[in-house]
Every structure is written in C-alpha cells, then in structure tokens.
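Here is query20.txt, consisting of compact mmCIF, C-alpha atoms:
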# COMPACT_ATOMS: atom_id res chain seq x y z
CA MET A 632 6.18 13.23 55.85
CA PRO A 633 2.71 11.94 54.81
CA SER A 634 1.58 8.50 55.88
CA THR A 635 0.53 6.11 53.15
CA ALA A 636 -2.62 5.24 55.12
CA ASN A 637 -4.23 8.64 54.60
CA ALA A 638 -2.22 10.12 51.72
CA ARG A 639 -4.00 12.07 48.98
CA ILE A 640 -2.97 10.08 45.90
CA ALA A 641 -3.56 11.53 42.43
CA ILE A 642 -3.00 9.43 39.33
CA VAL A 643 -2.76 11.40 36.09
CA GLY A 644 -3.93 9.26 33.18
CA ALA A 645 -6.55 6.51 32.90
CA GLY A 646 -4.51 4.10 30.81
CA LEU A 647 -3.81 0.52 31.78
CA GLY A 648 -1.00 1.34 34.22
CA GLY A 649 -2.84 4.08 36.07
CA LEU A 650 -6.01 2.00 36.34
CA ALA A 651 -4.08 -1.05 37.60
CA CYS A 652 -2.50 1.12 40.28
CA ALA A 653 -5.88 2.53 41.32
CA ARG A 654 -7.48 -0.92 41.43
CA VAL A 655 -4.80 -2.45 43.66
CA LEU A 656 -4.93 0.54 45.99
CA GLN A 657 -8.70 0.25 46.32
CA ARG A 658 -8.48 -3.49 46.98
CA HIS A 659 -6.47 -2.54 50.06
CA GLY A 660 -8.87 0.16 51.19
CA ARG A 661 -6.82 3.13 50.03
CA SER A 662 -8.28 6.31 48.58
CA VAL A 663 -7.19 7.43 45.09
CA ALA A 664 -8.36 9.76 42.33
CA VAL A 665 -7.57 9.29 38.64
CA TYR A 666 -7.60 12.38 36.41
CA GLU A 667 -8.09 11.80 32.68
CA ARG A 668 -8.12 14.41 29.91
CA GLU A 669 -10.48 12.44 27.67
CA ALA A 670 -14.18 13.20 28.07
CA SER A 671 -15.29 9.60 28.56
CA ALA A 672 -14.16 5.98 28.42
CA ASP A 673 -15.22 5.70 24.78
CA ALA A 674 -13.93 9.07 23.57
CA ARG A 675 -11.54 7.39 21.12
CA PRO A 676 -10.54 3.91 19.91
CA GLN A 677 -8.09 2.25 22.28
CA GLY A 678 -5.84 0.48 19.76
CA GLY A 679 -5.08 -3.11 18.87
CA SER A 680 -4.59 -6.43 20.54
CA LEU A 681 -2.15 -7.00 23.40
CA ASP A 682 -0.34 -10.16 24.44
CA ILE A 683 -0.49 -10.20 28.23
CA HIS A 684 2.52 -12.02 29.69
CA SER A 685 2.30 -14.26 32.71
CA GLY A 686 5.27 -12.67 34.50
CA THR A 687 4.25 -9.02 34.05
CA GLY A 688 0.77 -8.08 32.87
CA GLN A 689 -0.89 -11.17 34.34
CA ALA A 690 1.00 -10.69 37.59
CA ALA A 691 -0.53 -7.22 37.80
CA LEU A 692 -4.00 -8.60 37.09
CA ARG A 693 -3.55 -11.18 39.86
CA ALA A 694 -2.65 -8.38 42.26
CA ALA A 695 -5.77 -6.58 41.06
CA GLY A 696 -7.93 -9.65 41.68
CA LEU A 697 -8.97 -9.75 38.02
CA ILE A 698 -7.09 -12.71 36.58
CA ASP A 699 -10.16 -14.94 36.20
CA GLU A 700 -12.14 -12.18 34.48
CA PHE A 701 -9.19 -11.58 32.17
CA ARG A 702 -8.94 -15.27 31.30
CA ALA A 703 -12.62 -15.32 30.38
CA LEU A 704 -12.09 -12.49 27.87
CA ALA A 705 -8.63 -13.38 26.50
CA ARG A 706 -7.83 -15.28 23.29
CA PRO A 707 -5.10 -17.87 23.98
CA GLU A 708 -5.29 -19.10 20.37
CA SER A 709 -4.06 -15.70 19.19
CA GLN A 710 -0.57 -16.28 20.62
CA GLU A 711 0.33 -17.85 17.26
CA TRP A 712 3.04 -16.15 15.18
CA ARG A 713 3.43 -16.77 11.43
CA ILE A 714 6.44 -15.63 9.44
CA LEU A 715 5.91 -15.31 5.68
CA ASP A 716 8.41 -14.98 2.85
CA PRO A 717 7.77 -11.52 1.32
CA ALA A 718 8.50 -12.72 -2.20
CA THR A 719 6.22 -15.79 -2.17
CA ALA A 720 3.97 -15.47 0.92
CA ALA A 721 5.08 -19.00 1.87
CA VAL A 722 5.08 -19.78 5.59
CA LEU A 723 8.68 -20.03 6.76
CA PRO A 724 9.72 -22.83 9.13
CA VAL A 725 11.13 -20.50 11.77
CA PRO A 726 9.64 -19.14 15.01
CA GLY A 727 8.40 -15.59 15.36
CA PRO A 728 9.98 -12.87 17.48
CA PRO A 729 11.10 -14.30 20.82
CA SER A 730 8.21 -14.79 23.22
CA HIS A 731 8.70 -13.34 26.67
CA ASP A 732 6.88 -16.28 28.24
CA ASP A 733 4.89 -19.27 27.11
CA ASP A 734 1.54 -18.02 28.40
CA SER A 735 0.65 -14.74 26.68
CA PRO A 736 -3.01 -14.76 25.59
CA GLU A 737 -4.23 -11.82 23.54
CA ILE A 738 -6.92 -9.32 24.45
CA ASP A 739 -8.05 -6.12 22.78
CA ARG A 740 -6.73 -3.09 24.64
CA GLY A 741 -10.22 -1.61 24.87
CA ARG A 742 -11.65 -4.72 26.54
CA LEU A 743 -8.80 -4.85 29.05
CA ARG A 744 -9.21 -1.17 29.88
CA ALA A 745 -12.96 -1.66 30.34
CA LEU A 746 -12.28 -4.57 32.71
CA LEU A 747 -10.08 -2.34 34.86
CA LEU A 748 -12.49 0.60 34.72
CA ASP A 749 -15.45 -1.55 35.75
CA SER A 750 -13.50 -2.83 38.76
CA LEU A 751 -13.08 0.64 40.28
CA ALA A 752 -15.38 2.41 42.70
CA ALA A 753 -17.77 4.90 41.13
CA ASP A 754 -16.26 8.32 40.39
CA THR A 755 -12.68 7.11 40.83
CA VAL A 756 -11.89 8.38 37.32
CA ARG A 757 -12.52 12.10 36.84
CA TRP A 758 -13.14 12.45 33.12
CA ASP A 759 -12.48 15.61 31.14
CA ARG A 760 -9.88 16.74 33.69
CA ALA A 761 -6.82 17.59 31.62
CA VAL A 762 -3.70 18.24 33.73
CA SER A 763 -1.49 20.91 32.18
CA ALA A 764 1.30 20.83 34.78
CA VAL A 765 2.20 19.88 38.32
CA THR A 766 4.13 22.15 40.68
CA PRO A 767 5.60 21.57 44.15
CA LEU A 768 4.04 23.52 47.00
CA GLY A 769 7.45 23.88 48.60
CA ASP A 770 6.69 22.25 51.94
CA GLU A 771 8.84 19.59 53.56
CA ASP A 772 6.22 16.90 52.96
CA GLY A 773 6.60 17.02 49.19
CA THR A 774 3.03 18.14 48.50
CA TRP A 775 2.18 18.98 44.89
CA ARG A 776 -0.45 21.06 43.12
CA LEU A 777 -2.08 19.77 39.94
CA LEU A 778 -2.95 22.53 37.46
CA PHE A 779 -5.83 21.75 35.12
CA GLU A 780 -6.46 23.25 31.72
CA ASP A 781 -9.75 24.73 32.93
CA GLY A 782 -7.84 26.79 35.52
CA SER A 783 -8.75 24.71 38.57
CA THR A 784 -6.24 23.09 40.93
CA GLU A 785 -5.99 20.14 43.30
CA ALA A 786 -3.40 19.29 45.96
CA ALA A 787 -1.92 15.83 46.45
CA ASP A 788 0.62 14.13 48.69
CA LEU A 789 1.63 11.91 45.76
CA VAL A 790 1.23 12.64 42.06
CA ILE A 791 1.68 9.59 39.82
CA GLY A 792 2.37 10.36 36.17
CA ALA A 793 0.62 7.61 34.22
CA ASP A 794 -0.09 9.96 31.33
CA GLY A 795 1.86 8.35 28.53
CA ALA A 796 4.46 9.43 26.01
CA TRP A 797 3.80 13.17 26.24
CA SER A 798 3.43 13.20 30.01
CA ARG A 799 2.70 16.51 31.73
CA VAL A 800 4.01 15.03 34.98
CA ARG A 801 7.40 13.85 33.65
CA PRO A 802 9.05 17.32 33.86
CA SER A 803 8.64 17.13 37.66
CA VAL A 804 11.36 14.47 37.76
CA SER A 805 13.15 14.51 34.39
CA GLN A 806 13.90 16.80 31.46
CA ALA A 807 13.99 13.86 29.03
CA ALA A 808 11.61 14.05 26.07
CA PRO A 809 10.55 11.43 23.51
CA ALA A 810 12.55 11.37 20.27
CA TYR A 811 11.72 9.81 16.91
CA ASN A 812 13.71 6.60 16.54
CA GLY A 813 13.68 6.39 12.74
CA VAL A 814 10.81 3.91 12.34
CA THR A 815 7.26 4.64 11.20
CA PHE A 816 4.26 2.31 11.32
CA VAL A 817 1.38 3.01 8.94
CA GLU A 818 -1.79 1.39 10.28
CA ALA A 819 -4.73 -0.01 8.33
CA GLY A 820 -7.69 -2.16 9.31
CA PHE A 821 -10.07 -4.83 8.01
CA PRO A 822 -13.35 -5.21 9.92
CA ASP A 823 -15.14 -8.56 9.66
CA CYS A 824 -12.13 -9.86 7.78
CA ASP A 825 -13.07 -13.56 7.80
CA ALA A 826 -16.28 -12.87 5.91
CA ARG A 827 -15.21 -9.95 3.73
CA HIS A 828 -11.56 -10.82 3.01
CA PRO A 829 -11.15 -14.56 3.69
CA SER A 830 -7.91 -14.87 1.71
CA LEU A 831 -6.25 -12.21 3.86
CA ALA A 832 -7.65 -13.74 7.04
CA ALA A 833 -6.19 -17.10 6.02
CA LEU A 834 -2.73 -15.55 5.59
CA VAL A 835 -2.87 -14.06 9.08
CA GLY A 836 -4.05 -17.20 10.83
CA ASP A 837 -5.20 -17.05 14.44
CA GLY A 838 -2.63 -14.59 15.76
CA THR A 839 0.00 -12.34 14.20
CA MET A 840 1.66 -12.52 10.80
CA LEU A 841 5.00 -10.94 9.91
CA ALA A 842 6.78 -10.54 6.59
CA SER A 843 9.96 -8.47 6.51
CA THR A 844 12.97 -7.75 4.39
CA GLY A 845 15.63 -5.10 4.79
CA ASP A 846 14.22 -1.95 6.32
CA LYS A 847 10.53 -2.67 5.77
CA ALA A 848 7.99 -5.06 7.25
CA LEU A 849 4.31 -5.94 7.10
CA LEU A 850 2.51 -7.09 10.25
CA ALA A 851 -1.10 -8.21 10.50
CA GLN A 852 -2.69 -8.86 13.86
CA ARG A 853 -5.95 -10.56 14.85
CA ASN A 854 -8.17 -8.47 17.09
CA GLY A 855 -11.52 -9.43 18.56
CA GLN A 856 -14.78 -9.68 16.62
CA GLY A 857 -13.10 -10.61 13.35
CA HIS A 858 -11.12 -7.39 13.00
CA ILE A 859 -7.58 -7.56 11.60
CA ARG A 860 -5.20 -4.65 12.16
CA VAL A 861 -2.34 -4.19 9.69
CA TYR A 862 0.90 -2.24 9.98
CA VAL A 863 3.42 -1.41 7.29
CA ALA A 864 6.65 -0.54 9.12
CA PHE A 865 9.71 1.06 7.57
CA ARG A 866 12.77 3.12 8.39
CA ALA A 867 12.53 6.68 7.09
CA PRO A 868 12.84 10.30 8.23
CA GLN A 869 9.87 11.48 10.27
CA ASP A 870 8.80 13.76 7.40
CA TRP A 871 8.97 10.97 4.77
CA HIS A 872 5.53 11.89 3.46
CA VAL A 873 6.56 15.50 2.86
CA ALA A 874 9.63 14.45 0.89
CA ALA A 875 7.45 12.03 -1.11
CA GLY A 876 4.77 14.63 -1.78
CA VAL A 877 2.15 12.50 -0.03
CA SER A 878 -0.64 13.95 2.09
CA LEU A 879 -1.46 11.67 5.01
CA ASP A 880 -5.11 12.66 4.57
CA ASP A 881 -5.11 11.28 1.01
CA ALA A 882 -5.69 7.53 1.43
CA GLU A 883 -5.10 6.76 -2.23
CA ALA A 884 -1.79 8.63 -2.25
CA VAL A 885 -0.65 6.75 0.86
CA ARG A 886 -1.79 3.49 -0.73
CA ARG A 887 0.26 4.14 -3.89
CA TYR A 888 3.31 5.02 -1.78
CA LEU A 889 3.08 1.82 0.29
CA VAL A 890 2.53 -0.42 -2.74
CA ASP A 891 5.60 1.11 -4.32
CA LEU A 892 7.53 0.70 -1.07
CA LEU A 893 6.73 -3.03 -1.10
CA LYS A 894 7.47 -3.49 -4.80
CA GLY A 895 8.52 -7.05 -5.57
CA TRP A 896 6.50 -8.54 -2.70
CA ASP A 897 3.95 -11.26 -3.35
CA GLU A 898 0.64 -9.97 -4.70
CA SER A 899 -1.32 -11.55 -1.85
CA LEU A 900 0.68 -9.50 0.68
CA LEU A 901 0.23 -6.31 -1.32
CA ASP A 902 -3.53 -6.87 -0.99
CA PHE A 903 -3.22 -5.91 2.67
CA VAL A 904 -2.49 -2.41 1.36
CA ARG A 905 -4.60 -2.43 -1.80
CA ARG A 906 -7.85 -3.68 -0.27
CA ASN A 907 -7.94 -1.69 2.94
CA GLU A 908 -11.17 0.33 3.21
CA ASP A 909 -10.61 2.38 6.37
CA GLY A 910 -7.79 4.70 5.32
CA PHE A 911 -4.35 4.85 6.88
CA ILE A 912 -2.87 6.28 10.08
CA ALA A 913 0.84 7.12 10.32
CA ARG A 914 2.34 6.24 13.69
CA PRO A 915 5.97 7.35 14.01
CA VAL A 916 7.77 5.55 16.82
CA PHE A 917 9.00 7.77 19.64
CA VAL A 918 11.16 6.55 22.51
CA LEU A 919 12.71 7.89 25.68
CA PRO A 920 16.45 7.49 26.27
CA ALA A 921 17.42 4.00 27.37
CA PRO A 922 17.99 3.86 30.22
CA HIS A 923 15.74 6.67 31.42
CA THR A 924 16.39 7.31 35.10
CA TRP A 925 16.06 10.21 37.50
CA GLU A 926 17.00 11.28 40.98
CA HIS A 927 14.14 10.65 43.39
CA VAL A 928 11.82 13.64 43.86
CA PRO A 929 9.56 13.57 46.96
CA GLY A 930 5.85 13.39 46.25
CA THR A 931 5.90 12.40 42.59
CA THR A 932 6.84 9.50 40.33
CA LEU A 933 6.07 7.97 36.94
CA LEU A 934 4.88 4.68 35.52
CA GLY A 935 4.35 3.14 32.09
CA ASP A 936 5.18 5.13 28.96
CA ALA A 937 5.62 8.29 31.02
CA ALA A 938 8.58 6.55 32.67
CA HIS A 939 9.96 4.31 29.92
CA LEU A 940 8.57 4.86 26.43
CA MET A 941 10.01 2.10 24.25
CA PRO A 942 9.41 0.51 20.82
CA PRO A 943 5.96 -1.12 20.50
CA VAL A 944 6.98 -4.78 20.37
CA GLY A 945 4.84 -6.26 23.13
CA LEU A 946 6.23 -5.09 26.48
CA GLY A 947 4.86 -1.60 27.07
CA ALA A 948 1.35 -2.40 28.30
CA ASN A 949 2.60 -5.32 30.39
CA LEU A 950 5.20 -3.19 32.12
CA ALA A 951 2.76 -0.32 32.67
CA MET A 952 0.35 -2.59 34.53
CA LEU A 953 3.16 -4.18 36.54
CA ASP A 954 4.47 -0.71 37.41
CA GLY A 955 1.03 0.28 38.63
CA ALA A 956 0.58 -2.84 40.73
CA ASP A 957 4.09 -2.61 42.19
CA LEU A 958 3.66 1.04 43.15
CA ALA A 959 0.30 0.34 44.76
CA ARG A 960 1.70 -2.59 46.73
CA ALA A 961 4.58 -0.44 47.93
CA LEU A 962 2.12 2.21 49.08
CA VAL A 963 0.30 -0.47 51.07
CA ALA A 964 3.43 -2.08 52.52
CA GLU A 965 5.42 1.03 53.52
CA SER A 966 4.44 3.46 56.25
CA THR A 967 5.33 6.69 54.41
CA VAL A 968 4.84 7.89 50.84
CA GLU A 969 8.55 8.66 50.63
CA ASP A 970 9.59 5.11 51.54
CA ALA A 971 6.99 3.60 49.19
CA VAL A 972 8.07 5.60 46.15
CA ARG A 973 11.73 4.92 46.78
CA ALA A 974 11.04 1.19 47.09
CA TYR A 975 9.03 1.22 43.85
CA GLU A 976 11.61 3.19 41.87
CA SER A 977 14.43 0.94 43.05
CA VAL A 978 12.68 -1.96 41.27
CA MET A 979 11.01 -0.22 38.33
CA LEU A 980 13.93 1.84 37.00
CA PRO A 981 16.43 -1.01 36.44
CA ARG A 982 13.67 -3.29 35.15
CA SER A 983 12.49 -0.77 32.58
CA ALA A 984 16.04 0.05 31.51
CA GLN A 985 16.66 -3.59 30.64
CA ALA A 986 13.29 -3.91 28.91
CA ALA A 987 13.93 -0.82 26.77
CA LEU A 988 17.18 -2.31 25.51
CA GLU A 989 15.44 -5.62 24.73
CA CYS A 990 12.65 -3.87 22.82
CA ALA A 991 15.13 -1.84 20.79
CA LYS A 992 16.91 -5.06 19.83
CA VAL A 993 13.67 -6.78 18.78
CA LEU A 994 12.78 -3.82 16.53
CA ASP A 995 16.29 -3.85 15.05
CA ASP A 996 15.95 -7.58 14.35
CA ILE A 997 12.71 -6.96 12.44
CA LEU A 998 13.91 -3.77 10.72
CA PRO A 999 17.73 -3.76 10.69
CA PRO A 1000 19.21 -0.24 10.68
CA GLN A 1001 21.00 0.78 7.51
CA GLY A 1002 24.42 -0.83 7.37
CA ALA A 1003 23.63 -3.35 10.10
Could you render the structure from this file as structure tokens?
Amino acid sequence: MPSTANARIAIVGAGLGGLACARVLQRHGRSVAVYEREASADARPQGGSLDIHSGTGQAALRAAGLIDEFRALARPESQEWRILDPATAAVLPVPGPPSHDDDSPEIDRGRLRALLLDSLAADTVRWDRAVSAVTPLGDEDGTWRLLFEDGSTEAADLVIGADGAWSRVRPSVSQAAPAYNGVTFVEAGFPDCDARHPSLAALVGDGTMLASTGDKALLAQRNGQGHIRVYVAFRAPQDWHVAAGVSLDDAEAVRRYLVDLLKGWDESLLDFVRRNEDGFIARPVFVLPAPHTWEHVPGTTLLGDAAHLMPPVGLGANLAMLDGADLARALVAESTVEDAVRAYESVMLPRSAQAALECAKVLDDILPPQGA
C-alpha cells in the first residue's frame, strides 16, 4: 500500500479543481503531475465570471496560500444581483437567487486559472497530454496506468480525475454518464459594453441581471475589462434547433429564433439579442445523477465536474476547488493513499450530493418545469 509521502500522483485535467489540488500538494512538499489535453494555457477561452464563496472556493484559496492574490484581482462590487420585469424592464424590489454566503466577489475564470497556474512549479502541467483511458495494473497496491492518445503511457499510485463533464477517468469508479436535463443556455457577448452599448450596460449594473418568466430567462453578467456575457436560457429538447430549422452556425437565424422566443418582452431586453455582434453559442445543460456516488476503488478518485456535474448556478467551480484542496490535505495528513482517498470521499460525496440537489432547485426556481 503506497505511502502518501512518496506516492506518484497524477491529476488528469488542468481546470480549477485539479490545479488547486496540485498547488496545495506542492505547498506541503509533495510531488504531483497534471496532465492536460489542451495544447497550452490559452488554447481556448475559459468562460465567464465566477462568484467565489467564502466557505468553499475561498477556503480552497486559503489552503493554497493565494487568498490575498485573489482578493487583489476579484471584483466585490460585482456581487450585485438585479431582477428585472420582462415586460417592462423595471427593477423589481426582490432579492436575486439565494446567495450561498455574504462574501462572494467575482473573478473571471481565466484570471483565476492563471493565478493557480502561476503558483505551480515549472513543468507541473504537462500540456498536450490527452488521457484516453486509465486501467488498473492489477497489483495489490492499486497502481494505475494512464493511456494517452499519442500511444504513450504513465504509471501512478493515485489517478485523480479532474477532467470535467466528459471525464475519461470516471469509468474507473462509476458507469454514470452526463444526461441532458432539459435546459439550454444560448450565450452571447458584448465587449467594451460600457462604451459601445451603454444602455445595455446600465440595465446590467455592476453584477448580474436576471429577467425570467415561465420556462425562459435572460441573464447578463459583468466580466472583467468591460465585457458583458449574456445567456438566454429556456426549456426545450436538446435538438430544439433541428426541430426549428435553425442552424447553430447561422447567427441571424439564431437571433430571429431567440427574439421570437422572447416575444412580448420589453424592447430594451430584446436588444441583448438583437445587438450582439459575436454570434451565439448553444450550451445544453448536462448533469450527473444526484446523488452520484460510488464504491471506493483503490488508487483512483474524482473531483469537480468529473465527480458531481450539476446545473451551472454558481457552485460548481467553488466545489471543484474545495474538492481539490480537501483531497490534497488528506494526502498530506494520512499515511497511505488508501486512507487519504477514503477520508476525502467520505466528506466530498455527501457534500456534493446535497449541493447537486440545491443547484437543481435553484434552476427550477428560475425556469420552472412544465406543470410546476
């Protein structure tokens, strides 16, 4: 049974959770390698703004020794929520979706990821190393082999699946697969919105704006450097665009569909769809079963979306980082990999099960299912 002090630890995926785990391990003098399929840190955009909660994401950053650096980059003013009446665009005198704590400053996902990456020792992240599968070597110690798409292999005493929704590590512990939950988000964006679209920027305010009715909603979210990210969310079959005869590559066709979907809404809100210049990206929401649990498997475990993919309502990134920090701390505190993983899973699995149910409820509150 391998000792945690000299275990070969392989993290698959250089997202926030995997990087948090690697950072905490290195702070305690432990060796770790992170394998990432993307070619570089800037291979693709990293997504929108995140509210980092004091009890989860910030707790992980404290364990990583990065809380002061995070505070210097974060936007506390962007915690503001505004709820607008879809028919009039009037600000409604009600609070936004329930906040998970009172201290949740926003930060762009890309900036937070860069903060974590910059904190790691050189060559910790092995870019362009796409893992296709992991297989047990069959020994009593629970050693695993990572199989890479280029045909190469590596052995590890612990493989940590931090590789997101479509995890290649998940099948080592669970046969569960993500399923479409009936909600689609269509994303749009407005760069330099304050200067180029001041009326839209004024509607959003300093944080996040929400207008919703029935099974459709419009969200607009402040990001850094004046960028505003917009989502039109609605309940529909996953192939809604096929049934509507809309090509997702045809921005004007998507625009016409969304304007029609929001028919009867105030003209100023429709401008979030009409005036977008960057095209549209459909993002169907996939989730894992809630709860998603598994019987412990020696030498491997999961964190973040690989372990508990849930609706995107503000908990996923926070939990991923907390998972990573908790697993790293267990690997430092326990004498064997087996004991560390069991200790981590005993905390993470019930926590994520409860969070998944909470996130599903928040999404249902914003977009009530038909007949609810």
Review point. For the atom pair atom CA of Ala959 of chain A and atom CA of His923 of chain A, what is the interatomic distance in Å to one decimal place?
Key: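 It comes out at 21.4 Å.
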Practice item. Compile the contact shell of segment 865-873 of chain A as a list in words: residues with an atom at most 6 Å away, counting all atoms listed in the file, same-chain residues fewer than 5 positions apart removed. Key: Gly813, Val814, Thr815, Asp846 and Lys847 of chain A
**Study point:** Nearby residues (all atoms listed in the file) at most 6 Å from segment 738-753 of chain A, same-chain spacing under 4 positions excluded, as a ChimeraX atom specification
**Key:** /A:647,654,677,679-681,705
Check your understanding: So how far away is atom CA of Ser783 of chain A from atom CA of Glu669 of chain A, in Å?
Key -> 16.5 Å
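Near His659 of chain A, within 8 Å and counting only C-alpha atoms, sit A:Val655, A:Leu656, A:Val963; same-chain residues fewer than 3 positions away were not included.
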